[in-house]
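Structure file protein13.pdb (PDB, C-alpha atoms, pLDDT in the B column) is printed below.
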ATOM      1  CA  MET A  47      26.703-149.310 -71.727  1.00 43.00           C
ATOM      2  CA  ALA A  48      27.489-151.391 -74.828  1.00 47.00           C
ATOM      3  CA  THR A  49      27.396-155.132 -74.385  1.00 48.00           C
ATOM      4  CA  THR A  50      27.771-158.136 -76.648  1.00 63.00           C
ATOM      5  CA  ASN A  51      23.977-158.269 -76.812  1.00 79.00           C
ATOM      6  CA  LEU A  52      22.489-154.788 -77.115  1.00 72.00           C
ATOM      7  CA  SER A  53      19.115-156.051 -75.884  1.00 87.00           C
ATOM      8  CA  TYR A  54      20.278-157.165 -72.439  1.00 89.00           C
ATOM      9  CA  TYR A  55      19.337-155.116 -69.387  1.00 92.00           C
ATOM     10  CA  ASP A  56      18.639-155.748 -65.736  1.00 93.00           C
ATOM     11  CA  LYS A  57      15.359-154.086 -64.694  1.00 92.00           C
ATOM     12  CA  ASN A  58      16.563-154.066 -61.087  1.00 92.00           C
ATOM     13  CA  THR A  59      19.163-151.454 -62.039  1.00 93.00           C
ATOM     14  CA  ILE A  60      16.758-149.174 -63.922  1.00 95.00           C
ATOM     15  CA  PRO A  61      14.366-146.615 -62.396  1.00 96.00           C
ATOM     16  CA  ASN A  62      10.651-147.141 -62.970  1.00 97.00           C
ATOM     17  CA  ALA A  63       9.561-145.031 -65.953  1.00 98.00           C
ATOM     18  CA  LYS A  64       5.872-144.776 -65.030  1.00 97.00           C
ATOM     19  CA  ASP A  65       5.990-141.030 -64.351  1.00 97.00           C
ATOM     20  CA  PHE A  66       8.120-140.102 -67.370  1.00 98.00           C
ATOM     21  CA  ARG A  67       7.181-138.855 -70.841  1.00 98.00           C
ATOM     22  CA  PHE A  68       9.355-139.860 -73.786  1.00 98.00           C
ATOM     23  CA  GLY A  69       9.737-138.662 -77.338  1.00 98.00           C
ATOM     24  CA  ILE A  70      11.126-140.718 -80.186  1.00 99.00           C
ATOM     25  CA  VAL A  71      12.132-139.100 -83.483  1.00 98.00           C
ATOM     26  CA  VAL A  72      12.656-141.689 -86.217  1.00 98.00           C
ATOM     27  CA  SER A  73      14.366-141.389 -89.589  1.00 98.00           C
ATOM     28  CA  GLU A  74      12.391-142.854 -92.502  1.00 98.00           C
ATOM     29  CA  TRP A  75      15.642-143.634 -94.350  1.00 96.00           C
ATOM     30  CA  ASN A  76      16.517-147.365 -94.142  1.00 97.00           C
ATOM     31  CA  PRO A  77      13.099-148.148 -92.626  1.00 97.00           C
ATOM     32  CA  GLU A  78      13.827-151.883 -92.276  1.00 97.00           C
ATOM     33  CA  ILE A  79      16.451-150.838 -89.729  1.00 98.00           C
ATOM     34  CA  THR A  80      14.877-147.779 -88.080  1.00 98.00           C
ATOM     35  CA  LYS A  81      11.461-149.384 -87.573  1.00 98.00           C
ATOM     36  CA  ASN A  82      13.113-152.233 -85.652  1.00 98.00           C
ATOM     37  CA  LEU A  83      15.098-149.778 -83.518  1.00 98.00           C
ATOM     38  CA  HIS A  84      11.920-147.771 -82.881  1.00 98.00           C
ATOM     39  CA  GLN A  85       9.938-150.845 -81.855  1.00 98.00           C
ATOM     40  CA  GLY A  86      12.748-152.055 -79.593  1.00 98.00           C
ATOM     41  CA  ALA A  87      12.772-148.676 -77.862  1.00 98.00           C
ATOM     42  CA  ILE A  88       8.990-148.599 -77.391  1.00 98.00           C
ATOM     43  CA  ASP A  89       8.842-152.173 -76.075  1.00 98.00           C
ATOM     44  CA  THR A  90      11.646-151.460 -73.616  1.00 98.00           C
ATOM     45  CA  LEU A  91      10.163-148.196 -72.361  1.00 98.00           C
ATOM     46  CA  ILE A  92       6.874-149.986 -71.696  1.00 98.00           C
ATOM     47  CA  ASP A  93       8.697-152.898 -70.053  1.00 97.00           C
ATOM     48  CA  CYS A  94      10.395-150.357 -67.762  1.00 98.00           C
ATOM     49  CA  GLY A  95       7.031-148.936 -66.701  1.00 98.00           C
ATOM     50  CA  ALA A  96       6.328-146.164 -69.232  1.00 98.00           C
ATOM     51  CA  LYS A  97       2.705-145.739 -70.295  1.00 98.00           C
ATOM     52  CA  LYS A  98       1.951-145.991 -74.015  1.00 98.00           C
ATOM     53  CA  GLU A  99       0.205-142.625 -73.928  1.00 98.00           C
ATOM     54  CA  ASN A 100       3.424-141.085 -72.576  1.00 98.00           C
ATOM     55  CA  ILE A 101       5.477-142.086 -75.612  1.00 98.00           C
ATOM     56  CA  ILE A 102       5.279-139.688 -78.573  1.00 98.00           C
ATOM     57  CA  SER A 103       6.796-140.666 -81.930  1.00 98.00           C
ATOM     58  CA  TRP A 104       7.521-138.443 -84.915  1.00 98.00           C
ATOM     59  CA  ASP A 105       8.978-139.395 -88.294  1.00 98.00           C
ATOM     60  CA  VAL A 106      11.510-137.328 -90.226  1.00 98.00           C
ATOM     61  CA  PRO A 107      12.848-138.017 -93.748  1.00 98.00           C
ATOM     62  CA  GLY A 108      16.456-138.904 -92.867  1.00 97.00           C
ATOM     63  CA  SER A 109      19.068-138.983 -90.148  1.00 97.00           C
ATOM     64  CA  PHE A 110      20.232-135.414 -90.794  1.00 97.00           C
ATOM     65  CA  GLU A 111      16.667-134.218 -90.109  1.00 98.00           C
ATOM     66  CA  LEU A 112      16.709-135.868 -86.655  1.00 98.00           C
ATOM     67  CA  ILE A 113      18.299-132.713 -85.267  1.00 98.00           C
ATOM     68  CA  TYR A 114      15.464-130.403 -86.284  1.00 98.00           C
ATOM     69  CA  GLY A 115      12.813-133.000 -85.398  1.00 98.00           C
ATOM     70  CA  CYS A 116      14.267-133.378 -81.893  1.00 98.00           C
ATOM     71  CA  LYS A 117      14.610-129.604 -81.507  1.00 98.00           C
ATOM     72  CA  LYS A 118      10.975-129.066 -82.481  1.00 98.00           C
ATOM     73  CA  MET A 119       9.860-131.854 -80.154  1.00 98.00           C
ATOM     74  CA  LEU A 120      11.875-130.297 -77.316  1.00 98.00           C
ATOM     75  CA  GLU A 121      10.168-126.953 -77.927  1.00 98.00           C
ATOM     76  CA  THR A 122       6.598-128.227 -78.252  1.00 98.00           C
ATOM     77  CA  GLU A 123       6.271-131.251 -75.966  1.00 98.00           C
ATOM     78  CA  ASN A 124       6.772-131.671 -72.218  1.00 97.00           C
ATOM     79  CA  LEU A 125       9.204-134.592 -72.136  1.00 98.00           C
ATOM     80  CA  ASP A 126      11.727-136.204 -69.827  1.00 98.00           C
ATOM     81  CA  ALA A 127      13.913-137.671 -72.606  1.00 98.00           C
ATOM     82  CA  ILE A 128      14.016-138.045 -76.386  1.00 98.00           C
ATOM     83  CA  ILE A 129      15.510-140.862 -78.444  1.00 99.00           C
ATOM     84  CA  ALA A 130      16.821-139.955 -81.913  1.00 98.00           C
ATOM     85  CA  VAL A 131      16.602-143.065 -84.122  1.00 98.00           C
ATOM     86  CA  GLY A 132      18.447-143.277 -87.425  1.00 98.00           C
ATOM     87  CA  ASN A 133      20.731-145.327 -89.633  1.00 98.00           C
ATOM     88  CA  VAL A 134      23.583-144.285 -91.903  1.00 97.00           C
ATOM     89  CA  ILE A 135      25.416-146.946 -93.918  1.00 96.00           C
ATOM     90  CA  GLN A 136      28.834-146.330 -95.485  1.00 94.00           C
ATOM     91  CA  GLY A 137      28.675-145.820 -99.227  1.00 86.00           C
ATOM     92  CA  GLU A 138      31.187-144.941-101.908  1.00 85.00           C
ATOM     93  CA  THR A 139      31.306-141.199-101.129  1.00 86.00           C
ATOM     94  CA  LYS A 140      32.156-138.960 -98.180  1.00 87.00           C
ATOM     95  CA  HIS A 141      28.417-138.283 -97.670  1.00 88.00           C
ATOM     96  CA  PHE A 142      28.513-140.863 -94.848  1.00 89.00           C
ATOM     97  CA  ASP A 143      31.157-138.874 -92.962  1.00 89.00           C
ATOM     98  CA  PHE A 144      29.333-135.563 -93.328  1.00 94.00           C
ATOM     99  CA  VAL A 145      25.965-136.943 -92.219  1.00 94.00           C
ATOM    100  CA  CYS A 146      27.410-138.887 -89.269  1.00 93.00           C
ATOM    101  CA  ASP A 147      29.426-135.904 -88.057  1.00 96.00           C
ATOM    102  CA  GLY A 148      26.539-133.463 -88.513  1.00 97.00           C
ATOM    103  CA  VAL A 149      24.031-135.638 -86.689  1.00 98.00           C
ATOM    104  CA  THR A 150      26.451-136.405 -83.864  1.00 98.00           C
ATOM    105  CA  GLN A 151      27.323-132.751 -83.344  1.00 98.00           C
ATOM    106  CA  GLY A 152      23.692-131.643 -83.713  1.00 98.00           C
ATOM    107  CA  ILE A 153      22.429-134.040 -81.074  1.00 98.00           C
ATOM    108  CA  LYS A 154      25.322-133.064 -78.800  1.00 98.00           C
ATOM    109  CA  ASP A 155      24.306-129.411 -79.242  1.00 98.00           C
ATOM    110  CA  LEU A 156      20.710-130.201 -78.271  1.00 98.00           C
ATOM    111  CA  ASN A 157      21.951-131.855 -75.080  1.00 98.00           C
ATOM    112  CA  ILE A 158      23.890-128.726 -74.214  1.00 98.00           C
ATOM    113  CA  LYS A 159      21.141-126.231 -75.082  1.00 98.00           C
ATOM    114  CA  TYR A 160      18.062-127.941 -73.592  1.00 97.00           C
ATOM    115  CA  ASP A 161      17.334-129.449 -70.188  1.00 97.00           C
ATOM    116  CA  VAL A 162      16.008-132.673 -71.715  1.00 98.00           C
ATOM    117  CA  PRO A 163      18.407-135.490 -72.594  1.00 98.00           C
ATOM    118  CA  VAL A 164      18.500-136.521 -76.264  1.00 98.00           C
ATOM    119  CA  ILE A 165      19.737-140.080 -76.692  1.00 98.00           C
ATOM    120  CA  PHE A 166      21.805-140.928 -79.782  1.00 98.00           C
ATOM    121  CA  CYS A 167      20.292-144.071 -81.340  1.00 98.00           C
ATOM    122  CA  VAL A 168      21.834-143.685 -84.790  1.00 98.00           C
ATOM    123  CA  LEU A 169      23.543-146.729 -86.224  1.00 97.00           C
ATOM    124  CA  THR A 170      26.588-145.701 -88.293  1.00 96.00           C
ATOM    125  CA  ASP A 171      27.703-148.955 -89.844  1.00 96.00           C
ATOM    126  CA  ASN A 172      29.957-149.991 -92.696  1.00 95.00           C
ATOM    127  CA  THR A 173      27.460-152.485 -94.127  1.00 96.00           C
ATOM    128  CA  ARG A 174      23.721-153.152 -94.170  1.00 97.00           C
ATOM    129  CA  GLN A 175      24.387-156.490 -92.425  1.00 97.00           C
ATOM    130  CA  GLN A 176      26.034-154.704 -89.498  1.00 97.00           C
ATOM    131  CA  SER A 177      22.922-152.538 -89.177  1.00 97.00           C
ATOM    132  CA  ILE A 178      20.642-155.570 -89.328  1.00 97.00           C
ATOM    133  CA  ASP A 179      22.725-157.288 -86.643  1.00 97.00           C
ATOM    134  CA  ARG A 180      22.313-154.244 -84.353  1.00 97.00           C
ATOM    135  CA  SER A 181      18.603-153.619 -84.976  1.00 97.00           C
ATOM    136  CA  GLY A 182      17.169-156.889 -83.736  1.00 95.00           C
ATOM    137  CA  GLY A 183      19.621-159.313 -85.343  1.00 95.00           C
ATOM    138  CA  ALA A 184      22.580-161.303 -84.024  1.00 94.00           C
ATOM    139  CA  LEU A 185      23.786-158.535 -81.681  1.00 94.00           C
ATOM    140  CA  GLY A 186      20.385-157.541 -80.314  1.00 95.00           C
ATOM    141  CA  ASN A 187      18.700-154.174 -80.727  1.00 97.00           C
ATOM    142  CA  LYS A 188      20.375-150.810 -80.113  1.00 97.00           C
ATOM    143  CA  GLY A 189      16.874-149.344 -79.634  1.00 98.00           C
ATOM    144  CA  VAL A 190      16.584-151.364 -76.425  1.00 97.00           C
ATOM    145  CA  GLU A 191      19.918-150.069 -75.148  1.00 96.00           C
ATOM    146  CA  CYS A 192      18.964-146.477 -75.963  1.00 98.00           C
ATOM    147  CA  ALA A 193      15.580-146.795 -74.247  1.00 98.00           C
ATOM    148  CA  VAL A 194      17.342-147.941 -71.078  1.00 97.00           C
ATOM    149  CA  ALA A 195      19.663-144.938 -71.388  1.00 97.00           C
ATOM    150  CA  ALA A 196      16.613-142.671 -71.843  1.00 98.00           C
ATOM    151  CA  VAL A 197      15.001-143.985 -68.648  1.00 98.00           C
ATOM    152  CA  LYS A 198      18.213-143.516 -66.674  1.00 97.00           C
ATOM    153  CA  MET A 199      18.732-140.007 -68.048  1.00 98.00           C
ATOM    154  CA  ALA A 200      15.088-139.075 -67.378  1.00 98.00           C
ATOM    155  CA  ALA A 201      15.671-140.090 -63.768  1.00 97.00           C
ATOM    156  CA  ILE A 202      18.754-137.873 -63.587  1.00 97.00           C
ATOM    157  CA  LYS A 203      16.803-134.997 -65.161  1.00 97.00           C
ATOM    158  CA  ASN A 204      14.195-135.359 -62.421  1.00 95.00           C
ATOM    159  CA  ILE A 205      16.539-135.511 -59.433  1.00 92.00           C
ATOM    160  CA  GLY A 206      15.089-133.287 -56.756  1.00 80.00           C
ATOM    161  CA  ARG A 207      11.586-133.323 -58.196  1.00 78.00           C
ATOM    162  CA  ASN A 208       8.686-135.017 -56.439  1.00 59.00           C
ATOM    163  CA  THR A 209       8.587-138.331 -58.317  1.00 53.00           C
ATOM    164  CA  ASN A 210       8.734-141.971 -57.333  1.00 52.00           C
ATOM    165  CA  SER A 211      10.746-142.881 -60.446  1.00 49.00           C
ATOM    166  CA  VAL A 212      14.047-141.331 -59.433  1.00 50.00           C
ATOM    167  CA  GLY A 213      16.728-143.534 -57.952  1.00 50.00           C
ATOM    168  CA  PHE A 214      18.631-146.604 -58.944  1.00 49.00           C
TER     169      PHE A 214
END
Could I get this structure in the form of structure tokens?
Amino acid sequence: MATTNLSYYDKNTIPNAKDFRFGIVVSEWNPEITKNLHQGAIDTLIDCGAKKENIISWDVPGSFELIYGCKKMLETENLDAIIAVGNVIQGETKHFDFVCDGVTQGIKDLNIKYDVPVIFCVLTDNTRQQSIDRSGGALGNKGVECAVAAVKMAAIKNIGRNTNSVGF
């Protein structure tokens, strides 16, 4: 789904999200990046028909904690999709590799274990500028792209259920 501009989408190709409930779990680490991703996701969900009252947001300390935050949200909320929002920037140690791998595998595991899609909206960039460019900067906003993915996956989750939002 990646494009040159992460904020581009065609609403004609996206199901209406009016009947769906979304969760967003946001890392507080690198807030100048994650807040922009979060806002891009919210704005896009609403633009695609979601109601504000059907979007639940929780904060967690860092990207590694996204896994537990999403798991707890899956277990306590009735949702159609969750977006995990975080940012890890390469530093001078291998910490970057361990966090990125752990978060990737953890979110993958949640997608296997639960019947609610968890969308990976974690920027894993080499520099702060790359993260800025992908969180509302020169390349758009990955939060927008992930919100579109959440709507599409919520529609797939609801195939066969009595809803007007399913279908492309």
Expected residue set, 9 Å radius at (14.7, -148.2, -84.3), only C-alpha atoms, as a PDB file with C-alpha atoms, in the coordinates of the input:
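The result, stored in part_39.pdb:
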ATOM      1  CA  VAL A  72      12.656-141.689 -86.217  1.00 98.00           C
ATOM      2  CA  SER A  73      14.366-141.389 -89.589  1.00 98.00           C
ATOM      3  CA  PRO A  77      13.099-148.148 -92.626  1.00 97.00           C
ATOM      4  CA  GLU A  78      13.827-151.883 -92.276  1.00 97.00           C
ATOM      5  CA  ILE A  79      16.451-150.838 -89.729  1.00 98.00           C
ATOM      6  CA  THR A  80      14.877-147.779 -88.080  1.00 98.00           C
ATOM      7  CA  LYS A  81      11.461-149.384 -87.573  1.00 98.00           C
ATOM      8  CA  ASN A  82      13.113-152.233 -85.652  1.00 98.00           C
ATOM      9  CA  LEU A  83      15.098-149.778 -83.518  1.00 98.00           C
ATOM     10  CA  HIS A  84      11.920-147.771 -82.881  1.00 98.00           C
ATOM     11  CA  GLN A  85       9.938-150.845 -81.855  1.00 98.00           C
ATOM     12  CA  GLY A  86      12.748-152.055 -79.593  1.00 98.00           C
ATOM     13  CA  ALA A  87      12.772-148.676 -77.862  1.00 98.00           C
ATOM     14  CA  ILE A  88       8.990-148.599 -77.391  1.00 98.00           C
ATOM     15  CA  ALA A 130      16.821-139.955 -81.913  1.00 98.00           C
ATOM     16  CA  VAL A 131      16.602-143.065 -84.122  1.00 98.00           C
ATOM     17  CA  GLY A 132      18.447-143.277 -87.425  1.00 98.00           C
ATOM     18  CA  ASN A 133      20.731-145.327 -89.633  1.00 98.00           C
ATOM     19  CA  CYS A 167      20.292-144.071 -81.340  1.00 98.00           C
ATOM     20  CA  VAL A 168      21.834-143.685 -84.790  1.00 98.00           C
ATOM     21  CA  SER A 181      18.603-153.619 -84.976  1.00 97.00           C
ATOM     22  CA  ASN A 187      18.700-154.174 -80.727  1.00 97.00           C
ATOM     23  CA  LYS A 188      20.375-150.810 -80.113  1.00 97.00           C
ATOM     24  CA  GLY A 189      16.874-149.344 -79.634  1.00 98.00           C
ATOM     25  CA  VAL A 190      16.584-151.364 -76.425  1.00 97.00           C
TER      26      VAL A 190
END
(request) Run the PyMOL selection byres ((chain A and resi 111) around 12) mentally over the shown coordinates, then write out the matched residues as a PyMOL selection string, using the chain letters and numbers from the document. (result) chain A and resi 71-75+104-110+112-118+130-133+145-146+148-150+152-153
(message) Between CA of Ile202 in chain A and CA of Leu52 in chain A, what distance in Å does the model show, to one decimal?
(response)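 It comes out at 22.0 Å.
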Quick one: axis-aligned box around all listed atoms of range 88-104 of chain A, 3 Å on every side, centre and edge lengths in Å to one decimal, written as JSON.
{"center_x": 5.9, "center_y": -145.7, "center_z": -75.8, "size_x": 17.4, "size_y": 20.5, "size_z": 24.2}
(request) Just give me the gap between CA of Ile102 in chain A and CA of Arg67 in chain A in Å, one decimal is fine. (result)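 Separation of CA of Ile102 in chain A and CA of Arg67 in chain A: 8.0 Å.
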(request) Could you state which residues are captured by the PyMOL selection byres ((chain A and resi 98) around 12) in this file, as a ChimeraX atom specification? (result) /A:63-69,87-97,99-103
(request) Could you check how far CA of Gln175 in chain A sits from CA of Cys192 in chain A, in Å to one decimal? (result)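 Distance between the two atoms: 20.0 Å.
Residues with any atom within 7 Å of Leu185 in chain A, counting all atoms listed in the file and excluding same-chain neighbours fewer than 4 positions away, are Thr50, Asn51, Leu52, Asp179 and Arg180 of chain A.
Closest to Asn157 in chain A among A:Val134, A:Ala193, A:Leu120, A:Ala184 is A:Leu120, based on all atoms listed in the file.
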(message) I need the residue nearest Gln151 in chain A from this list: A:Met199, A:Glu138, A:Asp56, A:Phe166. Use all atoms listed in the file for the distance.
(response)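 Closest residue, counting all atoms listed in the file: A:Phe166.
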(request) Would you kindly return, as a ChimeraX atom specification, each protein, DNA or RNA residue with an atom no farther than 8 Å from any atom of Asp126 in chain A, considering all atoms listed in the file and excluding same-chain residues fewer than 2 positions away? (result) /A:66-68,124,128,162-163,200,203-204
(request) Pick out the closest residue to Ile165 in chain A from this set: A:Thr122, A:Ala127, A:Ser177, A:Asn58. Count only C-alpha atoms. (result)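 Distance minimum relative to Ile165 in chain A lands on A:Ala127.
Proximity to Gln136 in chain A was assessed for A:Thr170, A:Ile70, A:Tyr54, A:Met119 counting all atoms listed in the file; the smallest distance is recorded for A:Thr170.
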(message) Just checking: using only C-alpha atoms, which residue out of A:Ile60, A:Ile135, A:Ile129, A:Ile158 ends up closest to Ala201 in chain A?
(response) A:Ile60
(request) Return the single residue from A:Ala196, A:Ile205, A:Leu169, A:Ile178 that is closest to Leu125 in chain A, with distances computed using only C-alpha atoms. (result)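 Closest candidate: A:Ala196.
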Suppose a student applies the PyMOL selection byres ((chain A and resi 59) around 10) to this structure; what residues should they get, written as a PDB file with C-alpha atoms, in the frame of the given file?
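Saved to selection.pdb:
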ATOM      1  CA  TYR A  55      19.337-155.116 -69.387  1.00 92.00           C
ATOM      2  CA  ASP A  56      18.639-155.748 -65.736  1.00 93.00           C
ATOM      3  CA  LYS A  57      15.359-154.086 -64.694  1.00 92.00           C
ATOM      4  CA  ASN A  58      16.563-154.066 -61.087  1.00 92.00           C
ATOM      5  CA  ILE A  60      16.758-149.174 -63.922  1.00 95.00           C
ATOM      6  CA  PRO A  61      14.366-146.615 -62.396  1.00 96.00           C
ATOM      7  CA  ASN A  62      10.651-147.141 -62.970  1.00 97.00           C
ATOM      8  CA  VAL A 194      17.342-147.941 -71.078  1.00 97.00           C
ATOM      9  CA  LYS A 198      18.213-143.516 -66.674  1.00 97.00           C
ATOM     10  CA  GLY A 213      16.728-143.534 -57.952  1.00 50.00           C
ATOM     11  CA  PHE A 214      18.631-146.604 -58.944  1.00 49.00           C
TER      12      PHE A 214
END
